[in-house]
Amino acid sequence: MTSFSKIPGALAAAAFTFCAGASAQAPLTKLVGDYNLASSATVPASTWGYSKGRISVKQLDDQHLMIVLSCEWKREPKAVCGDYFYAQQRDDGLYLQDMNTFAMRLYFDPASRKLTIISRGADAKQSVRHDVFAATTAPLTDPALVRRMKREVSNADSKENRRVFGPYTKWAYQENRIEFQRQDLTAP
């Protein structure tokens with residue numbers, strides 16, 4: 001028989017578990033939304049950047065996000081420009097898929113709702129591109145970006161990709177964490 005004095009301890013443990021679980025899931029939902037390109041710059045300066053772009057982040061289940069990018073290159077506006085990624089919530093953070101993400105880092109500022117992607121180039125100058133996307137609620141109306149967004153969503157959900165790579169739930173998510181800026185460091 002459980003004594004009355006053990007019940008508050010059990011309730012406290014249950015409340016802690018609930019809060020810890022909720023806070024572990026918080027980054028996943030904070031990232032969901034649409035983002036427009038605010039800036040795209042490279043060091044050293046070059047045309048290896050975007051003239052326009054849009055990111056859409058959708059929650060797939062309680063552990064996974066799909067991040068879809070449609071864009072237009074500064075140097076070749078008609079060239080293919082877009083990509084998709086999956087991210088997985090783990091106990092120690094939100095991680096990008098380990099496939100094709102080794103040369104990029106993602107940073108998210110929950111206060112300003114800005115998503116920053118830093119990409120390393122494979123060129124002789126070892127260029128680094130810094131793309132900043134700001135949250136938006138405006139619908140996507142640019143015809144080229146709409147078309148490219150549809151193509152990337154279709155690629156992400158393709159039966160052939162699932163056959164070759166398996167479902168995104170079975171992929172590795174260990175090497176590339178999406179970094180969230182901590183707001184408590186600036187609080188008084």
# chains A, B, ... in the order shown; residues from 1 in each chain; ligands from 1
$ residues_around --residues "region 48-54 of chain A" --least-positions-apart "5" --cutoff "6 Å" --atoms "only C-alpha atoms" --output "list in words"
Tyr35, Asn36, Leu37, Ser40, Leu69, Ser70, Cys71, Glu72, Trp73 and Lys74 of chain A
$ residues_around --residues "region 153-160 of chain A" --least-positions-apart "4" --cutoff "8 Å" --atoms "only C-alpha atoms" --output "PyMOL selection string"
chain A and resi 68+84-85+149+164
$ write_last_selection --atoms "N, CA, C and O atoms" --output "PDB file, in the first residue's frame"
ATOM      1  N   VAL A  68      11.992  22.658 -46.587  1.00  0.00           N
ATOM      2  CA  VAL A  68      12.035  22.734 -48.048  1.00  0.00           C
ATOM      3  C   VAL A  68      12.480  24.135 -48.455  1.00  0.00           C
ATOM      4  O   VAL A  68      11.937  25.128 -47.983  1.00  0.00           O
ATOM      5  N   TYR A  84      15.753  19.981 -50.063  1.00  0.00           N
ATOM      6  CA  TYR A  84      14.906  19.612 -48.931  1.00  0.00           C
ATOM      7  C   TYR A  84      15.768  18.862 -47.925  1.00  0.00           C
ATOM      8  O   TYR A  84      16.765  18.227 -48.283  1.00  0.00           O
ATOM      9  N   PHE A  85      15.370  18.975 -46.673  1.00  0.00           N
ATOM     10  CA  PHE A  85      16.076  18.312 -45.586  1.00  0.00           C
ATOM     11  C   PHE A  85      15.053  17.821 -44.579  1.00  0.00           C
ATOM     12  O   PHE A  85      13.952  18.363 -44.481  1.00  0.00           O
ATOM     13  N   MET A 149       9.328  25.101 -55.244  1.00  0.00           N
ATOM     14  CA  MET A 149       8.880  24.548 -53.959  1.00  0.00           C
ATOM     15  C   MET A 149       8.108  23.250 -54.198  1.00  0.00           C
ATOM     16  O   MET A 149       8.333  22.244 -53.515  1.00  0.00           O
ATOM     17  N   VAL A 164      15.327   3.912 -52.300  1.00  0.00           N
ATOM     18  CA  VAL A 164      16.785   3.948 -52.268  1.00  0.00           C
ATOM     19  C   VAL A 164      17.330   4.240 -50.868  1.00  0.00           C
ATOM     20  O   VAL A 164      18.231   3.565 -50.388  1.00  0.00           O
TER      21      VAL A 164
END
$ select_by_dssp --residues "region 17-185 of chain A" --states "strand (DSSP E)" --output "PyMOL selection string"
chain A and resi 33-43+50-59+64-73+82-90+93-96+104-109+114-120+128-136+176-180
$ write_last_selection --atoms "C-alpha atoms" --output "mmCIF file, in the first residue's frame"
data_model
loop_
_atom_site.group_PDB
_atom_site.id
_atom_site.type_symbol
_atom_site.label_atom_id
_atom_site.label_comp_id
_atom_site.auth_asym_id
_atom_site.auth_seq_id
_atom_site.Cartn_x
_atom_site.Cartn_y
_atom_site.Cartn_z
ATOM 1 C CA GLY A 33 6.535 28.148 -40.504
ATOM 2 C CA ASP A 34 7.533 29.983 -43.657
ATOM 3 C CA TYR A 35 10.600 32.174 -44.151
ATOM 4 C CA ASN A 36 11.556 34.637 -46.903
ATOM 5 C CA LEU A 37 15.129 35.385 -47.887
ATOM 6 C CA ALA A 38 16.308 38.534 -46.073
ATOM 7 C CA SER A 39 19.947 38.471 -47.219
ATOM 8 C CA SER A 40 22.466 36.283 -49.000
ATOM 9 C CA ALA A 41 26.165 37.170 -48.908
ATOM 10 C CA THR A 42 29.435 35.369 -49.507
ATOM 11 C CA VAL A 43 32.963 35.760 -48.194
ATOM 12 C CA TYR A 50 20.523 33.788 -53.760
ATOM 13 C CA SER A 51 18.608 36.680 -55.307
ATOM 14 C CA LYS A 52 15.377 35.353 -53.776
ATOM 15 C CA GLY A 53 14.334 32.387 -51.711
ATOM 16 C CA ARG A 54 11.728 30.805 -49.497
ATOM 17 C CA ILE A 55 11.925 28.116 -46.817
ATOM 18 C CA SER A 56 8.929 26.163 -45.588
ATOM 19 C CA VAL A 57 9.246 24.100 -42.397
ATOM 20 C CA LYS A 58 6.527 21.538 -41.700
ATOM 21 C CA GLN A 59 6.137 19.189 -38.766
ATOM 22 C CA HIS A 64 10.493 15.042 -37.417
ATOM 23 C CA LEU A 65 10.415 18.182 -39.533
ATOM 24 C CA MET A 66 10.694 18.645 -43.272
ATOM 25 C CA ILE A 67 12.583 21.769 -44.396
ATOM 26 C CA VAL A 68 12.035 22.734 -48.048
ATOM 27 C CA LEU A 69 14.038 25.449 -49.815
ATOM 28 C CA SER A 70 13.154 27.076 -53.128
ATOM 29 C CA CYS A 71 15.510 29.749 -54.409
ATOM 30 C CA GLU A 72 16.958 31.653 -57.336
ATOM 31 C CA TRP A 73 20.709 31.995 -57.937
ATOM 32 C CA GLY A 82 16.203 24.196 -54.269
ATOM 33 C CA ASP A 83 16.637 21.457 -51.727
ATOM 34 C CA TYR A 84 14.906 19.612 -48.931
ATOM 35 C CA PHE A 85 16.076 18.312 -45.586
ATOM 36 C CA TYR A 86 14.650 16.379 -42.696
ATOM 37 C CA ALA A 87 15.332 17.124 -39.047
ATOM 38 C CA GLN A 88 14.799 14.955 -35.977
ATOM 39 C CA GLN A 89 14.152 16.016 -32.384
ATOM 40 C CA ARG A 90 16.363 14.114 -29.957
ATOM 41 C CA GLY A 93 18.492 18.915 -29.576
ATOM 42 C CA LEU A 94 17.171 19.116 -33.098
ATOM 43 C CA TYR A 95 19.427 17.504 -35.730
ATOM 44 C CA LEU A 96 19.557 17.653 -39.513
ATOM 45 C CA MET A 104 26.190 23.563 -43.861
ATOM 46 C CA ARG A 105 25.060 24.783 -40.456
ATOM 47 C CA LEU A 106 21.621 26.055 -39.412
ATOM 48 C CA TYR A 107 20.977 28.592 -36.670
ATOM 49 C CA PHE A 108 17.579 29.742 -35.410
ATOM 50 C CA ASP A 109 16.771 32.789 -33.278
ATOM 51 C CA LYS A 114 15.227 34.277 -38.189
ATOM 52 C CA LEU A 115 16.740 31.163 -39.709
ATOM 53 C CA THR A 116 20.374 31.412 -40.824
ATOM 54 C CA ILE A 117 22.138 28.925 -43.087
ATOM 55 C CA ILE A 118 25.918 29.018 -43.390
ATOM 56 C CA SER A 119 27.314 26.958 -46.278
ATOM 57 C CA ARG A 120 30.916 26.173 -47.192
ATOM 58 C CA VAL A 128 31.346 30.746 -47.286
ATOM 59 C CA ARG A 129 27.742 31.768 -47.958
ATOM 60 C CA HIS A 130 25.606 33.325 -45.221
ATOM 61 C CA ASP A 131 21.835 33.233 -45.951
ATOM 62 C CA VAL A 132 19.334 34.789 -43.547
ATOM 63 C CA PHE A 133 15.621 34.014 -43.773
ATOM 64 C CA ALA A 134 12.980 35.949 -41.817
ATOM 65 C CA ALA A 135 9.612 34.514 -40.793
ATOM 66 C CA THR A 136 6.625 35.505 -42.902
ATOM 67 C CA ASN A 176 24.629 18.389 -37.535
ATOM 68 C CA ARG A 177 22.508 20.004 -34.842
ATOM 69 C CA ILE A 178 20.319 23.033 -35.578
ATOM 70 C CA GLU A 179 21.567 25.616 -33.095
ATOM 71 C CA PHE A 180 18.990 27.670 -31.207
#
$ atom_distance --atom1 "CA of Asp62 (chain A)" --atom2 "CA of Ala138 (chain A)"
25.9 Å
$ residues_around --residues "Ala172 (chain A)" --least-positions-apart "4" --cutoff "9 Å" --atoms "only C-alpha atoms" --output "PyMOL selection string"
chain A and resi 96-99+168
$ atom_distance --atom1 "CA of Asp92 (chain A)" --atom2 "CA of Gly121 (chain A)"
28.5 Å
$ closest_residue --among "A:Asp61, A:Ser127, A:Glu175, A:Val146" --to "Phe102 (chain A)" --atoms "only C-alpha atoms"
A:Glu175
$ atom_distance --atom1 "CA of Pro139 (chain A)" --atom2 "CA of Lys30 (chain A)"
19.3 Å
$ closest_residue --among "A:Leu60, A:Ala45, A:Val80, A:Leu145" --to "Val32 (chain A)" --atoms "only C-alpha atoms"
A:Leu60
$ closest_residue --among "A:Thr101, A:Ala79, A:Lys125, A:Thr47" --to "Tyr173 (chain A)" --atoms "only C-alpha atoms"
A:Thr101
